[in-house]
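Coordinates as given in start-v5.txt (compact mmCIF, C-alpha atoms and all ligand atoms):
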# COMPACT_ATOMS: atom_id res chain seq x y z
CA MET M 1 71.97 90.82 125.62
CA GLN M 2 72.99 91.53 129.21
CA LEU M 3 76.78 91.67 129.55
CA ASN M 4 78.72 92.11 132.77
CA ARG M 5 80.49 95.44 132.32
CA GLU M 6 82.90 94.50 135.12
CA ASN M 7 84.26 91.54 133.18
CA MET M 8 84.68 92.75 129.62
CA PRO M 9 87.64 91.48 127.56
CA LYS M 10 90.25 94.22 127.24
CA HIS M 11 91.52 92.89 123.96
CA ILE M 12 89.62 90.96 121.30
CA GLY M 13 91.34 89.41 118.29
CA VAL M 14 89.33 88.49 115.20
CA ILE M 15 90.29 86.27 112.28
CA MET M 16 87.95 87.72 109.65
CA ASP M 17 87.36 84.51 107.74
CA GLY M 18 84.73 83.32 105.27
CA ASN M 19 84.48 86.31 102.92
CA GLY M 20 85.07 84.10 99.87
CA ARG M 21 82.47 81.53 100.91
CA TRP M 22 79.96 84.26 101.68
CA ALA M 23 80.41 85.63 98.15
CA LYS M 24 80.23 82.19 96.55
CA SER M 25 77.00 81.35 98.36
CA LYS M 26 75.48 84.45 96.78
CA GLY M 27 76.93 83.82 93.32
CA LEU M 28 79.25 86.84 93.68
CA LYS M 29 82.97 87.31 93.07
CA ARG M 30 85.31 86.74 96.03
CA THR M 31 86.24 90.41 96.02
CA MET M 32 82.62 91.27 96.80
CA GLY M 33 82.98 89.13 99.91
CA HIS M 34 85.94 91.20 101.05
CA LYS M 35 84.01 94.40 100.34
CA GLN M 36 81.21 93.16 102.55
CA GLY M 37 83.84 92.09 105.09
CA VAL M 38 84.99 95.69 105.38
CA GLU M 39 81.37 96.82 105.83
CA ASN M 40 81.11 94.39 108.69
CA LEU M 41 84.34 95.60 110.25
CA ARG M 42 82.64 98.97 110.55
CA THR M 43 79.78 97.36 112.52
CA ILE M 44 82.13 95.48 114.84
CA VAL M 45 84.36 98.51 115.48
CA LYS M 46 81.25 100.50 116.46
CA GLU M 47 80.09 97.75 118.77
CA CYS M 48 83.49 97.43 120.44
CA LYS M 49 83.49 101.17 120.98
CA ARG M 50 79.98 101.04 122.48
CA LEU M 51 81.03 98.20 124.78
CA GLU M 52 84.17 100.15 125.79
CA ILE M 53 86.57 97.42 124.70
CA PRO M 54 89.95 99.15 124.48
CA PHE M 55 91.75 96.85 121.97
CA LEU M 56 90.50 95.18 118.80
CA THR M 57 92.96 93.42 116.51
CA VAL M 58 91.80 92.07 113.16
CA TYR M 59 93.64 89.74 110.82
CA ALA M 60 93.29 91.49 107.46
CA PHE M 61 96.19 90.07 105.41
CA SER M 62 98.55 87.28 106.41
CA THR M 63 102.09 86.63 105.20
CA GLU M 64 100.56 83.63 103.39
CA ASN M 65 97.84 85.66 101.60
CA TRP M 66 100.34 86.76 98.90
CA LYS M 67 99.70 83.30 97.38
CA ARG M 68 96.24 84.49 96.26
CA THR M 69 95.64 85.73 92.72
CA GLN M 70 97.03 89.11 91.76
CA GLU M 71 93.43 90.30 91.26
CA GLU M 72 92.42 89.35 94.81
CA VAL M 73 95.55 90.82 96.42
CA SER M 74 95.10 94.09 94.50
CA SER M 75 91.48 94.29 95.49
CA LEU M 76 92.32 93.80 99.16
CA MET M 77 94.92 96.57 98.98
CA TRP M 78 92.43 98.84 97.24
CA LEU M 79 89.84 98.15 99.93
CA LEU M 80 92.37 99.02 102.59
CA GLU M 81 93.18 102.31 100.92
CA GLN M 82 89.48 103.10 100.57
CA TYR M 83 88.96 102.28 104.23
CA MET M 84 91.75 104.60 105.31
CA THR M 85 90.44 107.35 103.03
CA ARG M 86 86.72 107.12 103.67
CA GLU M 87 86.61 106.07 107.30
CA LEU M 88 89.49 108.03 108.78
CA LYS M 89 87.54 111.11 109.90
CA GLU M 90 84.76 108.99 111.40
CA LEU M 91 87.24 106.69 113.18
CA HIS M 92 89.04 109.73 114.56
CA LYS M 93 85.77 111.25 115.75
CA GLU M 94 85.00 107.98 117.53
CA GLY M 95 88.34 108.15 119.37
CA VAL M 96 89.84 105.21 117.48
CA ARG M 97 93.62 104.88 117.29
CA ILE M 98 94.77 102.95 114.23
CA LYS M 99 97.81 100.71 114.53
CA THR M 100 99.24 97.93 112.39
CA ILE M 101 101.25 94.80 113.08
CA GLY M 102 103.24 93.05 110.36
CA ASP M 103 105.58 94.54 107.78
CA ILE M 104 103.55 97.18 105.94
CA ASN M 105 106.61 98.33 103.99
CA GLU M 106 106.14 95.35 101.71
CA LEU M 107 102.61 96.48 100.77
CA PRO M 108 102.14 98.65 97.66
CA GLU M 109 103.56 102.14 98.26
CA SER M 110 100.19 103.89 98.04
CA THR M 111 98.63 101.48 100.57
CA CYS M 112 101.55 101.90 102.95
CA LYS M 113 101.28 105.69 102.63
CA LYS M 114 97.55 105.75 103.43
CA LEU M 115 98.10 103.52 106.43
CA THR M 116 100.98 105.63 107.74
CA GLU M 117 98.84 108.77 107.39
CA GLY M 118 95.97 107.11 109.27
CA ILE M 119 98.27 105.94 112.06
CA GLU M 120 99.73 109.43 112.43
CA TYR M 121 96.33 111.17 112.28
CA THR M 122 94.81 109.02 115.05
CA LYS M 123 97.90 108.48 117.21
CA ASP M 124 96.61 110.35 120.26
CA ASN M 125 93.23 108.59 120.45
CA ARG M 126 92.75 106.04 123.20
CA ASP M 127 89.08 104.98 123.30
CA LEU M 128 89.68 102.00 121.04
CA THR M 129 92.92 100.82 119.48
CA LEU M 130 92.09 99.16 116.18
CA THR M 131 95.08 97.15 115.03
CA LEU M 132 95.13 95.86 111.48
CA ALA M 133 97.32 92.76 111.11
CA LEU M 134 98.75 93.24 107.62
CA ASN M 135 101.41 91.13 105.99
CA TYR M 136 101.46 89.67 109.49
CA GLY M 137 102.41 86.21 110.65
CA SER M 138 103.19 85.24 114.21
CA ARG M 139 106.17 83.05 113.27
CA SER M 140 107.68 85.86 111.25
CA ASP M 141 107.09 88.28 114.15
CA ILE M 142 108.75 85.92 116.65
CA THR M 143 111.65 85.48 114.22
CA GLN M 144 112.23 89.24 113.92
CA ALA M 145 111.99 89.61 117.72
CA THR M 146 114.63 86.89 118.09
CA LYS M 147 116.92 88.73 115.70
CA LEU M 148 116.45 92.03 117.56
CA ILE M 149 117.25 90.39 120.88
CA ALA M 150 120.25 88.50 119.47
CA ASP M 151 121.59 91.76 118.10
CA LYS M 152 121.22 93.43 121.50
CA VAL M 153 123.04 90.53 123.16
CA LYS M 154 125.80 90.84 120.57
CA ASN M 155 126.13 94.56 121.29
CA GLY M 156 126.11 94.02 125.03
CA GLU M 157 122.77 95.84 125.53
CA ILE M 158 121.17 92.76 127.10
CA LEU M 159 122.81 89.92 128.99
CA LEU M 160 121.87 86.43 127.89
CA GLU M 161 120.85 85.57 131.46
CA GLU M 162 118.47 88.54 131.52
CA ILE M 163 116.29 87.26 128.67
CA ASN M 164 112.87 86.24 129.96
CA GLU M 165 109.31 86.01 128.61
CA GLU M 166 108.82 89.73 129.04
CA THR M 167 111.89 90.38 126.88
CA ILE M 168 110.29 88.38 124.06
CA SER M 169 106.89 90.12 124.47
CA ASN M 170 108.57 93.53 124.43
CA HIS M 171 110.28 92.81 121.12
CA LEU M 172 107.19 91.57 119.30
CA SER M 173 105.25 94.01 117.11
CA THR M 174 102.31 93.57 119.51
CA ASN M 175 104.29 95.14 122.39
CA PHE M 176 101.89 98.09 122.73
CA MET M 177 98.83 95.96 123.47
CA PRO M 178 97.81 93.57 126.25
CA ASP M 179 97.59 89.88 125.34
CA PRO M 180 94.22 89.08 123.76
CA ASP M 181 91.60 87.83 126.23
CA LEU M 182 89.33 86.53 123.50
CA ILE M 183 90.04 85.35 119.96
CA ILE M 184 87.12 84.94 117.60
CA ARG M 185 87.19 82.95 114.39
CA PRO M 186 84.03 82.76 112.31
CA SER M 187 83.29 80.59 109.25
CA GLY M 188 83.62 77.16 110.85
CA GLU M 189 87.42 76.95 110.85
CA TYR M 190 89.11 75.90 114.07
CA ARG M 191 92.69 77.09 113.97
CA LEU M 192 94.82 80.15 114.71
CA SER M 193 96.52 80.27 111.30
CA ASN M 194 99.66 82.05 112.53
CA PHE M 195 97.73 84.77 114.41
CA MET M 196 99.22 86.04 117.71
CA MET M 197 100.46 82.59 118.72
CA TRP M 198 102.75 83.79 121.51
CA GLU M 199 100.21 86.31 122.77
CA SER M 200 97.28 83.86 122.77
CA SER M 201 98.75 81.40 125.29
CA TYR M 202 95.88 82.08 127.70
CA SER M 203 93.29 83.55 125.32
CA GLU M 204 89.81 82.14 125.28
CA LEU M 205 88.97 80.90 121.78
CA TRP M 206 85.49 81.29 120.32
CA PHE M 207 84.34 79.81 117.03
CA SER M 208 81.21 80.32 114.95
CA ASN M 209 79.93 78.85 111.69
CA ILE M 210 78.80 82.22 110.41
CA ASN M 211 80.93 83.82 107.68
CA TRP M 212 82.59 87.13 108.57
CA PRO M 213 80.34 89.38 106.42
CA ASP M 214 77.32 88.08 108.37
CA PHE M 215 79.01 88.20 111.78
CA GLY M 216 77.02 90.94 113.48
CA ALA M 217 76.92 92.76 116.80
CA ASP M 218 74.68 89.99 118.19
CA GLN M 219 77.40 87.40 117.49
CA LEU M 220 80.02 89.60 119.14
CA GLN M 221 77.81 89.92 122.20
CA GLN M 222 77.30 86.15 122.28
CA ALA M 223 81.06 85.60 122.13
CA ILE M 224 81.60 88.03 125.02
CA SER M 225 78.79 86.49 127.04
CA ASP M 226 80.31 83.01 126.60
CA TYR M 227 83.72 84.44 127.48
CA GLN M 228 82.28 85.81 130.71
CA ASN M 229 81.06 82.34 131.63
CA ARG M 230 84.45 80.72 131.07
CA ASP M 231 86.66 79.84 134.00
CA ARG M 232 90.06 81.44 133.31
CA ARG M 233 92.58 79.82 135.59
CA PHE M 234 95.90 80.73 133.92
CA GLY M 235 97.37 77.43 135.08
CA ASN M 236 96.10 77.72 138.66
CA ALA M 237 94.17 74.92 140.38
CA LYS M 238 90.42 75.42 140.90
C1 LIG S 301 89.46 85.64 104.85
O1 LIG S 301 88.38 85.23 104.04
C2 LIG S 301 89.65 87.05 104.72
C3 LIG S 301 90.79 87.64 104.27
C4 LIG S 301 91.98 86.91 103.84
C5 LIG S 301 90.87 89.08 104.18
C6 LIG S 301 90.12 89.85 105.21
C7 LIG S 301 90.13 91.22 104.79
C8 LIG S 301 89.12 92.10 104.83
C9 LIG S 301 87.83 91.86 105.48
C10 LIG S 301 89.30 93.43 104.23
C11 LIG S 301 90.57 94.11 104.69
C12 LIG S 301 90.38 95.51 104.74
C13 LIG S 301 90.37 96.26 105.84
C14 LIG S 301 89.91 97.63 105.70
C15 LIG S 301 90.81 95.81 107.17
P1 LIG S 301 88.67 84.22 102.85
O2 LIG S 301 88.91 85.01 101.62
O3 LIG S 301 89.79 83.31 103.24
O4 LIG S 301 87.33 83.46 102.79
P2 LIG S 301 87.13 81.93 102.38
O5 LIG S 301 87.91 81.12 103.39
O6 LIG S 301 85.67 81.75 102.50
O7 LIG S 301 87.65 81.78 100.99

Structure re-expressed in structure tokens:
Amino acid sequence: MQLNRENMPKHIGVIMDGNGRWAKSKGLKRTMGHKQGVENLRTIVKECKRLEIPFLTVYAFSTENWKRTQEEVSSLMWLLEQYMTRELKELHKEGVRIKTIGDINELPESTCKKLTEGIEYTKDNRDLTLTLALNYGSRSDITQATKLIADKVKNGEILLEEINEETISNHLSTNFMPDPDLIIRPSGEYRLSNFMMWESSYSELWFSNINWPDFGADQLQQAISDYQNRDRRFGNAK
């Protein structure tokens, strides 16, 4: 597919949805869907790198996902650890910087350790920043930003009158990345589910009926192509 290299999104967010349904449709356990979801993440990371997209943020575990069975939560944590163990060298070679958003300290200690090691190991890479949203929720992130700002006001570090939109953005855990240009949600669901709600004010949203494990490079290209045909006005008149 022919894409306009002059008008590529700088930041793509993906809600990796539909792993469970993918597994069910094949008579497999849900955990197999997540395993395949990780396989697919590999494909999409490669494609983003090839297309020179500098930021990719994927929703891997939400603050609400703790409600799932112990078996499913454990399997997701195990997959994450495996990913950080098996893929780290390759990601590093590809110039990928790994970052996280969300409170990873609440994840199992071994998972948190692997993630911290991966973040440290790849910290100087800049070709592609792959951010894993883990134990992440936008409302929770906005709440913690509010607390940080309130504390600074209390201590006299910031004046109340000085608080503006930039102050909020700078105190969110996403403060190292540009706002997402494009947010993709596969699997036929049409909502943001607490994903980068502040940051997505002017994001283009793109939905597909395909489940995440089947969401290939061709789908990503289609999403970008459609994005390039959208008219982004940011509130301006035509
Ligand atoms: C949504 O599908 C998917 C998740 C809640 C987890 C996504 C996580 C991964 C792909 C693996 C994470 C690991 C790494 C290495 C980032 P669902 O289970 O809600 O699917 P369903 O809606 O069809 O049930």

Selection near range 91-103 of chain M, 10 Å with all atoms listed in the file, sequence-local residues under 2 positions removed, as a ChimeraX atom specification:
/M:42,45-46,49-50,54-59,61-63,84,86-89,105-107,112,115-138,140-141,172-176

To one decimal place, how far is CA of Phe195 in chain M from CA of Arg30 in chain M in Å?
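Going from CA of Phe195 in chain M over to CA of Arg30 in chain M, I get 22.3 Å.
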
Would you mind reading off the distance between CA of Tyr190 in chain M and CA of Met16 in chain M, one decimal, in Å?
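Atom-to-atom, CA of Tyr190 in chain M and CA of Met16 in chain M are spaced 12.7 Å apart.
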
To one decimal in Å, tell me the separation between CA of Met1 in chain M and CA of Gln221 in chain M.
6.8 Å

I'd like the neighbourhood of Leu51 in chain M as a PyMOL selection string, where a residue qualifies if any of its atoms comes within 12 Å (using all atoms listed in the file), though same-chain residues fewer than 6 positions away should be ignored.
chain M and resi 1-12+44-45+127-128+217+220-221+224

Minimum-distance residue to ligand LIG 301 (chain S), chosen among M:Gln82, M:Asn209, M:Asn164, M:Gln222 (using only C-alpha atoms and all ligand atoms):
M:Gln82

Where's the centre, and what are the edge lengths in Å to one decimal, of a box along x, y and z enclosing all listed atoms of ligand LIG 301 (chain S) padded 6 Å per side, as lines of an AutoDock Vina configuration file?
center_x = 88.8
center_y = 89.4
center_z = 104.1
size_x = 18.3
size_y = 28.5
size_z = 18.2

May I ask you to write as JSON, numbers by chain all residues lying at most 8 Å from ligand LIG 301 (chain S), with only C-alpha atoms and all ligand atoms counted?
{"M": [15, 16, 17, 18, 19, 20, 21, 22, 23, 30, 33, 34, 35, 36, 37, 38, 40, 41, 58, 59, 60, 61, 62, 65, 76, 77, 79, 80, 81, 82, 83, 84, 132, 187, 211, 212, 213]}

7 Å contact set for Trp206 in chain M, all atoms listed in the file, chain neighbours under 2 positions out, as a ChimeraX atom specification:
/M:183-185,204,208,223

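Nearest residue to Ile210 in chain M, choosing from M:Gly188, M:Glu52, M:Lys238, M:Trp198 and counting only C-alpha atoms: M:Gly188.
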